[in-house]
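Data from coords.tsv: TSV, C-alpha atoms
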chain	number	residue	atom	x	y	z
Z	1	MET	CA	0.00	0.00	0.00
Z	2	SER	CA	1.41	3.37	-0.97
Z	3	PRO	CA	1.85	5.58	2.11
Z	4	SER	CA	0.66	8.54	0.04
Z	5	LEU	CA	-2.81	7.15	-0.55
Z	6	PRO	CA	-4.17	7.87	2.94
Z	7	LEU	CA	-2.68	11.38	2.69
Z	8	GLN	CA	-4.36	11.94	-0.67
Z	9	VAL	CA	-7.74	10.83	0.65
Z	10	ALA	CA	-7.28	12.89	3.82
Z	11	LYS	CA	-6.46	15.90	1.64
Z	12	GLU	CA	-9.64	15.54	-0.40
Z	13	LEU	CA	-11.83	15.01	2.65
Z	14	GLY	CA	-10.08	17.83	4.49
Z	15	ARG	CA	-10.69	20.25	1.63
Z	16	ARG	CA	-14.38	19.38	1.60
Z	17	ILE	CA	-14.69	19.84	5.35
Z	18	VAL	CA	-12.92	23.21	5.29
Z	19	ALA	CA	-15.02	24.30	2.29
Z	20	GLY	CA	-18.22	23.42	4.15
Z	21	THR	CA	-19.29	20.55	1.90
Z	22	TYR	CA	-19.37	18.54	5.10
Z	23	THR	CA	-20.70	20.87	7.79
Z	24	PRO	CA	-19.84	20.58	11.50
Z	25	GLY	CA	-21.99	18.06	13.30
Z	26	THR	CA	-22.85	16.02	10.21
Z	27	LEU	CA	-21.79	12.44	9.55
Z	28	ILE	CA	-19.54	11.77	6.57
Z	29	ASP	CA	-20.06	8.71	4.36
Z	30	ASP	CA	-19.11	5.33	5.80
Z	31	GLU	CA	-15.91	3.47	4.93
Z	32	ASN	CA	-17.46	1.45	2.13
Z	33	ARG	CA	-18.86	4.46	0.32
Z	34	LEU	CA	-15.67	6.47	0.72
Z	35	ALA	CA	-13.57	3.52	-0.48
Z	36	GLU	CA	-15.78	3.23	-3.54
Z	37	ARG	CA	-15.73	6.96	-4.23
Z	38	PHE	CA	-11.95	7.30	-4.02
Z	39	GLN	CA	-11.26	3.86	-5.51
Z	40	VAL	CA	-9.12	2.76	-2.57
Z	41	SER	CA	-9.31	0.09	0.10
Z	42	ARG	CA	-11.14	0.49	3.40
Z	43	VAL	CA	-7.74	0.40	5.14
Z	44	VAL	CA	-6.70	3.51	3.21
Z	45	VAL	CA	-9.93	5.26	4.17
Z	46	ARG	CA	-9.46	4.27	7.80
Z	47	ASP	CA	-5.92	5.68	7.83
Z	48	ALA	CA	-7.10	8.88	6.13
Z	49	VAL	CA	-9.78	9.34	8.77
Z	50	LYS	CA	-7.16	8.84	11.49
Z	51	ILE	CA	-5.14	11.69	9.98
Z	52	LEU	CA	-8.16	13.99	10.10
Z	53	VAL	CA	-9.02	12.88	13.63
Z	54	GLY	CA	-5.48	13.89	14.62
Z	55	LYS	CA	-6.02	17.34	13.13
Z	56	GLY	CA	-9.27	17.75	15.06
Z	57	LEU	CA	-11.57	17.71	12.03
Z	58	LEU	CA	-13.30	14.40	12.64
Z	59	ASP	CA	-14.61	12.39	15.57
Z	60	VAL	CA	-15.18	8.62	15.27
Z	61	ARG	CA	-17.80	6.98	17.45
Z	62	ARG	CA	-18.37	3.23	17.32
Z	63	GLY	CA	-21.95	2.47	16.36
Z	64	ILE	CA	-22.63	6.08	15.37
Z	65	GLY	CA	-20.20	6.95	12.61
Z	66	THR	CA	-17.65	9.62	11.79
Z	67	ARG	CA	-18.79	13.14	12.52
Z	68	VAL	CA	-17.31	16.49	11.49
Z	69	LYS	CA	-16.20	18.46	14.54
Z	70	THR	CA	-16.80	22.18	15.01
Z	71	ARG	CA	-14.10	24.62	13.91
Z	72	ASP	CA	-13.04	25.37	17.47
Z	73	ASN	CA	-11.65	21.82	17.61
Z	74	TRP	CA	-9.64	22.07	14.38
Z	75	ALA	CA	-5.87	22.43	14.43
Z	76	LEU	CA	-6.13	25.65	12.45
Z	77	LEU	CA	-2.38	26.31	12.50
Z	78	ASP	CA	-1.60	22.88	11.08
Z	79	ASP	CA	0.16	23.25	7.72
Z	80	ASP	CA	-2.33	21.01	5.95
Z	81	VAL	CA	-5.41	22.65	7.43
Z	82	LEU	CA	-4.08	26.07	6.45
Z	83	ALA	CA	-3.36	24.80	2.93
Z	84	TRP	CA	-6.87	23.41	2.59
Z	85	HIS	CA	-8.25	26.86	3.27
Z	86	LEU	CA	-6.44	28.06	0.15
Z	87	SER	CA	-8.53	25.83	-2.09
Z	88	ALA	CA	-11.79	26.56	-0.27
Z	89	PRO	CA	-14.13	29.47	-1.04
Z	90	LEU	CA	-12.95	32.68	0.59
Z	91	ASN	CA	-13.89	32.94	4.26
Z	92	PRO	CA	-13.62	36.65	5.18
Z	93	GLU	CA	-13.86	35.92	8.90
Z	94	PHE	CA	-11.00	33.42	8.75
Z	95	LEU	CA	-8.83	35.82	6.73
Z	96	THR	CA	-9.50	38.57	9.27
Z	97	GLN	CA	-8.49	36.20	12.06
Z	98	LEU	CA	-5.30	35.31	10.20
Z	99	MET	CA	-4.41	39.00	9.93
Z	100	GLU	CA	-5.20	39.56	13.61
Z	101	PHE	CA	-2.95	36.65	14.48
Z	102	ARG	CA	-0.13	38.05	12.35
Z	103	LEU	CA	-0.51	41.37	14.14
Z	104	ALA	CA	-0.16	39.58	17.45
Z	105	PHE	CA	3.26	38.04	16.80
Z	106	GLU	CA	5.02	39.56	13.77
Z	107	PRO	CA	5.72	43.03	15.19
Z	108	LYS	CA	7.33	41.46	18.25
Z	109	ALA	CA	9.29	39.06	16.05
Z	110	ALA	CA	10.62	42.05	14.08
Z	111	SER	CA	11.59	43.72	17.34
Z	112	VAL	CA	13.52	40.65	18.48
Z	113	ALA	CA	15.06	40.24	15.02
Z	114	ALA	CA	16.48	43.76	15.24
Z	115	LEU	CA	18.32	42.70	18.40
Z	116	ARG	CA	19.45	39.22	17.36
Z	117	ALA	CA	19.88	39.22	13.58
Z	118	GLU	CA	23.23	37.97	12.33
Z	119	PRO	CA	24.77	39.34	9.10
Z	120	GLU	CA	23.44	36.35	7.14
Z	121	ASP	CA	19.95	37.04	8.51
Z	122	ILE	CA	20.11	40.65	7.36
Z	123	LYS	CA	21.23	39.47	3.93
Z	124	ALA	CA	18.32	37.01	3.72
Z	125	ILE	CA	15.82	39.76	4.50
Z	126	GLU	CA	17.42	42.09	1.98
Z	127	ASP	CA	17.50	39.37	-0.67
Z	128	ALA	CA	13.76	38.82	-0.17
Z	129	LEU	CA	13.16	42.57	-0.43
Z	130	ASN	CA	15.11	42.67	-3.69
Z	131	GLU	CA	13.11	39.67	-4.86
Z	132	MET	CA	9.91	41.64	-4.19
Z	133	GLN	CA	11.30	44.63	-6.08
Z	134	SER	CA	12.17	42.56	-9.16
Z	135	SER	CA	8.82	40.76	-9.30
Z	136	VAL	CA	6.30	43.58	-8.84
Z	137	SER	CA	4.74	42.76	-12.21
Z	138	ASP	CA	4.34	39.06	-11.46
Z	139	LEU	CA	1.65	38.52	-8.81
Z	140	ASP	CA	2.58	34.94	-7.95
Z	141	LYS	CA	6.30	35.65	-7.64
Z	142	PHE	CA	5.64	38.83	-5.67
Z	143	VAL	CA	3.48	37.05	-3.09
Z	144	ILE	CA	6.11	34.36	-2.65
Z	145	ALA	CA	8.81	37.03	-2.27
Z	146	ASP	CA	6.63	38.86	0.25
Z	147	ALA	CA	6.27	35.63	2.24
Z	148	HIS	CA	10.05	35.13	2.05
Z	149	PHE	CA	10.58	38.64	3.41
Z	150	HIS	CA	8.39	38.13	6.46
Z	151	GLY	CA	9.66	34.59	6.94
Z	152	ALA	CA	13.26	35.80	6.90
Z	153	ILE	CA	12.39	38.23	9.69
Z	154	LEU	CA	10.94	35.41	11.76
Z	155	ARG	CA	14.09	33.36	11.24
Z	156	ALA	CA	16.22	36.36	12.18
Z	157	SER	CA	14.56	36.37	15.60
Z	158	HIS	CA	16.23	33.03	16.35
Z	159	ASN	CA	13.08	32.09	18.26
Z	160	GLU	CA	11.78	28.65	17.31
Z	161	LEU	CA	8.16	29.54	18.09
Z	162	PHE	CA	8.22	32.63	15.89
Z	163	ILE	CA	9.89	30.64	13.11
Z	164	SER	CA	7.18	27.97	13.27
Z	165	MET	CA	4.60	30.61	12.32
Z	166	GLU	CA	5.95	31.09	8.80
Z	167	CYS	CA	3.18	28.88	7.39
Z	168	VAL	CA	0.60	31.31	8.79
Z	169	ILE	CA	2.17	34.19	6.87
Z	170	PHE	CA	2.28	32.25	3.62
Z	171	SER	CA	-1.34	31.10	3.96
Z	172	ALA	CA	-2.56	34.59	4.87
Z	173	LEU	CA	-0.86	36.13	1.84
Z	174	LEU	CA	-2.14	33.49	-0.56
Z	175	VAL	CA	-5.70	33.81	0.73
Z	176	SER	CA	-5.57	37.60	0.70
Z	177	ILE	CA	-4.70	37.81	-3.01
Z	178	LYS	CA	-8.16	36.40	-3.70
Z	179	VAL	CA	-9.44	39.70	-2.32
Z	180	THR	CA	-6.85	42.31	-3.20
Z	181	ASN	CA	-6.29	41.49	-6.87
Z	182	GLN	CA	-2.92	43.20	-6.56
Z	183	SER	CA	-1.45	45.15	-9.43
Z	184	ALA	CA	2.12	46.01	-10.31
Z	185	GLN	CA	1.41	49.55	-9.13
Z	186	SER	CA	0.17	48.50	-5.70
Z	187	ASN	CA	2.99	46.00	-5.34
Z	188	HIS	CA	5.54	48.68	-6.20
Z	189	ALA	CA	3.93	51.08	-3.73
Z	190	SER	CA	4.38	48.61	-0.90
Z	191	ILE	CA	8.15	48.29	-1.38
Z	192	PRO	CA	9.14	51.47	0.54
Z	193	PHE	CA	7.17	50.35	3.60
Z	194	HIS	CA	8.89	46.96	3.59
Z	195	ARG	CA	12.25	48.68	3.11
Z	196	GLU	CA	11.62	50.81	6.19
Z	197	VAL	CA	11.08	47.64	8.21
Z	198	PHE	CA	14.28	46.18	6.78
Z	199	ASP	CA	16.29	49.32	7.57
Z	200	ALA	CA	15.05	49.32	11.17
Z	201	ILE	CA	16.07	45.70	11.66
Z	202	ALA	CA	19.40	46.16	9.85
Z	203	THR	CA	20.30	49.11	12.10
Z	204	GLY	CA	19.20	47.32	15.27
Z	205	ASN	CA	16.33	49.69	16.03
Z	206	SER	CA	14.06	47.30	17.90
Z	207	GLU	CA	11.25	49.72	18.79
Z	208	LYS	CA	11.07	51.15	15.29
Z	209	ALA	CA	11.06	47.68	13.71
Z	210	GLN	CA	8.13	46.69	15.89
Z	211	ALA	CA	6.16	49.89	15.26
Z	212	LEU	CA	6.72	49.80	11.48
Z	213	THR	CA	5.76	46.13	11.20
Z	214	GLU	CA	2.62	46.77	13.22
Z	215	LYS	CA	1.69	49.68	10.93
Z	216	LEU	CA	2.42	47.64	7.80
Z	217	LEU	CA	0.17	44.80	8.91
Z	218	ALA	CA	-2.54	47.06	10.33
Z	219	ASP	CA	-2.75	48.91	7.02
Z	220	ALA	CA	-2.96	45.60	5.14
Z	221	LYS	CA	-5.71	44.39	7.48
Z	222	ALA	CA	-7.68	47.63	7.05
Z	223	ASN	CA	-7.33	47.42	3.27
Z	224	LEU	CA	-8.57	43.83	3.25
Z	225	ALA	CA	-11.52	44.73	5.47
Z	226	LYS	CA	-12.45	47.55	3.11
Z	227	LEU	CA	-12.24	45.30	0.04
Z	228	MET	CA	-14.27	42.59	1.77
Z	229	ASP	CA	-16.74	45.22	3.04
Z	230	ILE	CA	-16.65	43.91	6.61
Let me see whether you can do it: turn the structure in this file into structure tokens.
Amino acid sequence: MSPSLPLQVAKELGRRIVAGTYTPGTLIDDENRLAERFQVSRVVVRDAVKILVGKGLLDVRRGIGTRVKTRDNWALLDDDVLAWHLSAPLNPEFLTQLMEFRLAFEPKAASVAALRAEPEDIKAIEDALNEMQSSVSDLDKFVIADAHFHGAILRASHNELFISMECVIFSALLVSIKVTNQSAQSNHASIPFHREVFDAIATGNSEKAQALTEKLLADAKANLAKLMDI
């Protein structure tokens, strides 16, 4: 049995749960039906369900069935669960929560990075900034470069917990482009603000790095809220 098969089935089921095809509290199809639908064995289905149980999406009760759990039980910061949100219809509330979460930790991470960054960390942040500058006309490349910029700042903090949040940044940026429909002009306009953050970190100005990062993210959050009309 290929070890990837349970992961593939878990991915498809996970996407449907996140998208709301299976709503919280409802029972999903039994093993036989799922095995038939995905053209796999019942063992594969069982292993896929175990994966989703581990991520808090499903609850298995003998004699009752497999039920979708409410969102407050989901491991929302799990890499897979975050990725499944990318393929689901836009959830404005979830995107807002992602931005609020970024606001809670990224400014402090920038502050710590300004105090702890090594020369190679500074170079990594600058490289990402240059990557953003050179890809303003390519939306996909720009978003990836933007994620690299913020991720490099997290790594420069040399704090394992901050570093582990890089997946949140990447997911938030990928979801947000569904709303912003960024243009080369808007991408180019954002460069100076990111450069200010870089300069503050590069010069070791911890308070300024924190304040500028907070302003950068707050402005992005406000812009998203305006575009989503929430």
Open item on the list: So, with only C-alpha atoms as the atoms that count, which of Z:Ser87, Z:Thr26, Z:Ser4, Z:Asn159 lies closest to Ala48 of chain Z?
Closed with: Z:Ser4
Could the residues of segment 84-168 of chain Z that have an atom at most 10 Å from segment 179-196 of chain Z be listed as CSV, each with its closest atom pair and the distance in Å to one decimal, counting only C-alpha atoms and ordered by chain and ascending residue number?
residue,atom,partner,partner_atom,distance
Z:Leu90,CA,Z:Val179,CA,8.4
Z:Pro92,CA,Z:Val179,CA,9.1
Z:Leu95,CA,Z:Val179,CA,9.9
Z:Ile125,CA,Z:Arg195,CA,9.7
Z:Glu126,CA,Z:Arg195,CA,8.5
Z:Leu129,CA,Z:Arg195,CA,7.1
Z:Asn130,CA,Z:Ile191,CA,9.2
Z:Met132,CA,Z:Ile191,CA,7.4
Z:Gln133,CA,Z:Ile191,CA,6.7
Z:Ser134,CA,Z:His188,CA,9.5
Z:Ser135,CA,Z:Ala184,CA,8.6
Z:Val136,CA,Z:Ala184,CA,5.1
Z:Ser137,CA,Z:Ala184,CA,4.6
Z:Asp138,CA,Z:Ala184,CA,7.4
Z:Leu139,CA,Z:Gln182,CA,6.9
Z:Phe142,CA,Z:Asn187,CA,7.7
Z:Val143,CA,Z:Asn187,CA,9.2
Z:Asp146,CA,Z:His194,CA,9.0
Z:Phe149,CA,Z:His194,CA,8.5
Z:His150,CA,Z:His194,CA,9.3
Can I get the selected residues back with C-alpha atoms, as a PDB file, in the coordinates of the input?
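part_29.pdb, written as the output of this step:
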ATOM      1  CA  LEU Z  90     -12.950  32.680   0.590  1.00  0.00           C
ATOM      2  CA  PRO Z  92     -13.620  36.650   5.180  1.00  0.00           C
ATOM      3  CA  LEU Z  95      -8.830  35.820   6.730  1.00  0.00           C
ATOM      4  CA  ILE Z 125      15.820  39.760   4.500  1.00  0.00           C
ATOM      5  CA  GLU Z 126      17.420  42.090   1.980  1.00  0.00           C
ATOM      6  CA  LEU Z 129      13.160  42.570  -0.430  1.00  0.00           C
ATOM      7  CA  ASN Z 130      15.110  42.670  -3.690  1.00  0.00           C
ATOM      8  CA  MET Z 132       9.910  41.640  -4.190  1.00  0.00           C
ATOM      9  CA  GLN Z 133      11.300  44.630  -6.080  1.00  0.00           C
ATOM     10  CA  SER Z 134      12.170  42.560  -9.160  1.00  0.00           C
ATOM     11  CA  SER Z 135       8.820  40.760  -9.300  1.00  0.00           C
ATOM     12  CA  VAL Z 136       6.300  43.580  -8.840  1.00  0.00           C
ATOM     13  CA  SER Z 137       4.740  42.760 -12.210  1.00  0.00           C
ATOM     14  CA  ASP Z 138       4.340  39.060 -11.460  1.00  0.00           C
ATOM     15  CA  LEU Z 139       1.650  38.520  -8.810  1.00  0.00           C
ATOM     16  CA  PHE Z 142       5.640  38.830  -5.670  1.00  0.00           C
ATOM     17  CA  VAL Z 143       3.480  37.050  -3.090  1.00  0.00           C
ATOM     18  CA  ASP Z 146       6.630  38.860   0.250  1.00  0.00           C
ATOM     19  CA  PHE Z 149      10.580  38.640   3.410  1.00  0.00           C
ATOM     20  CA  HIS Z 150       8.390  38.130   6.460  1.00  0.00           C
TER      21      HIS Z 150
END
- [ ] Between Z:Lys178, Z:Lys141, Z:His148, Z:Lys123, single out the one closest to Ile201 of chain Z, counting all atoms listed in the file.
- [x] Z:Lys123
TODO: Up to 12 Å from (-10.9, 34.0, 6.0) in the file's coordinates: name the residues, counting all atoms listed in the file, as a VMD selection string.
DONE: chain Z and resid 18 to 19 76 82 84 to 101 171 to 179 221 224 to 225 228 230
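Relative to atom CA of Ala220 of chain Z, atom CA of Glu131 of chain Z is found at 19.8 Å.
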TODO: Between atom CA of Glu214 of chain Z and atom CA of Ile153 of chain Z, measure the distance and give it in Å to one decimal.
DONE: 13.4 Å
Task: atom CA of Ala211 of chain Z to atom CA of Asp121 of chain Z, straight-line distance in Å - done: 20.0 Å
Task: Asn205 of chain Z environment, 9 Å, only C-alpha atoms, sequence neighbours closer than 5 positions dropped, as a ChimeraX atom specification - done: /Z:111,114-115,199-200,210
Box dimensions and centre (Å, one decimal) enclosing segment 148-155 of chain Z, axis-aligned, 8 Å extra per side, as lines of an AutoDock Vina configuration file:
center_x = 11.2
center_y = 36.0
center_z = 6.9
size_x = 21.7
size_y = 21.3
size_z = 25.7
TODO: Pick out the closest residue to Ile169 of chain Z from this set: Z:Glu106, Z:Asp30, Z:Asp140, Z:Glu118. Count all atoms listed in the file.
DONE: Z:Glu106
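The closest residue to Ile64 of chain Z, picked from Z:Ala104, Z:Leu27, Z:Ala83, Z:Ala202 and counting all atoms listed in the file, is Z:Leu27.
Among the candidate residues Z:Leu216, Z:Val43, Z:Leu58, Z:Val53, the one lying nearest to Ile28 of chain Z is Z:Leu58, with distances computed using only C-alpha atoms.
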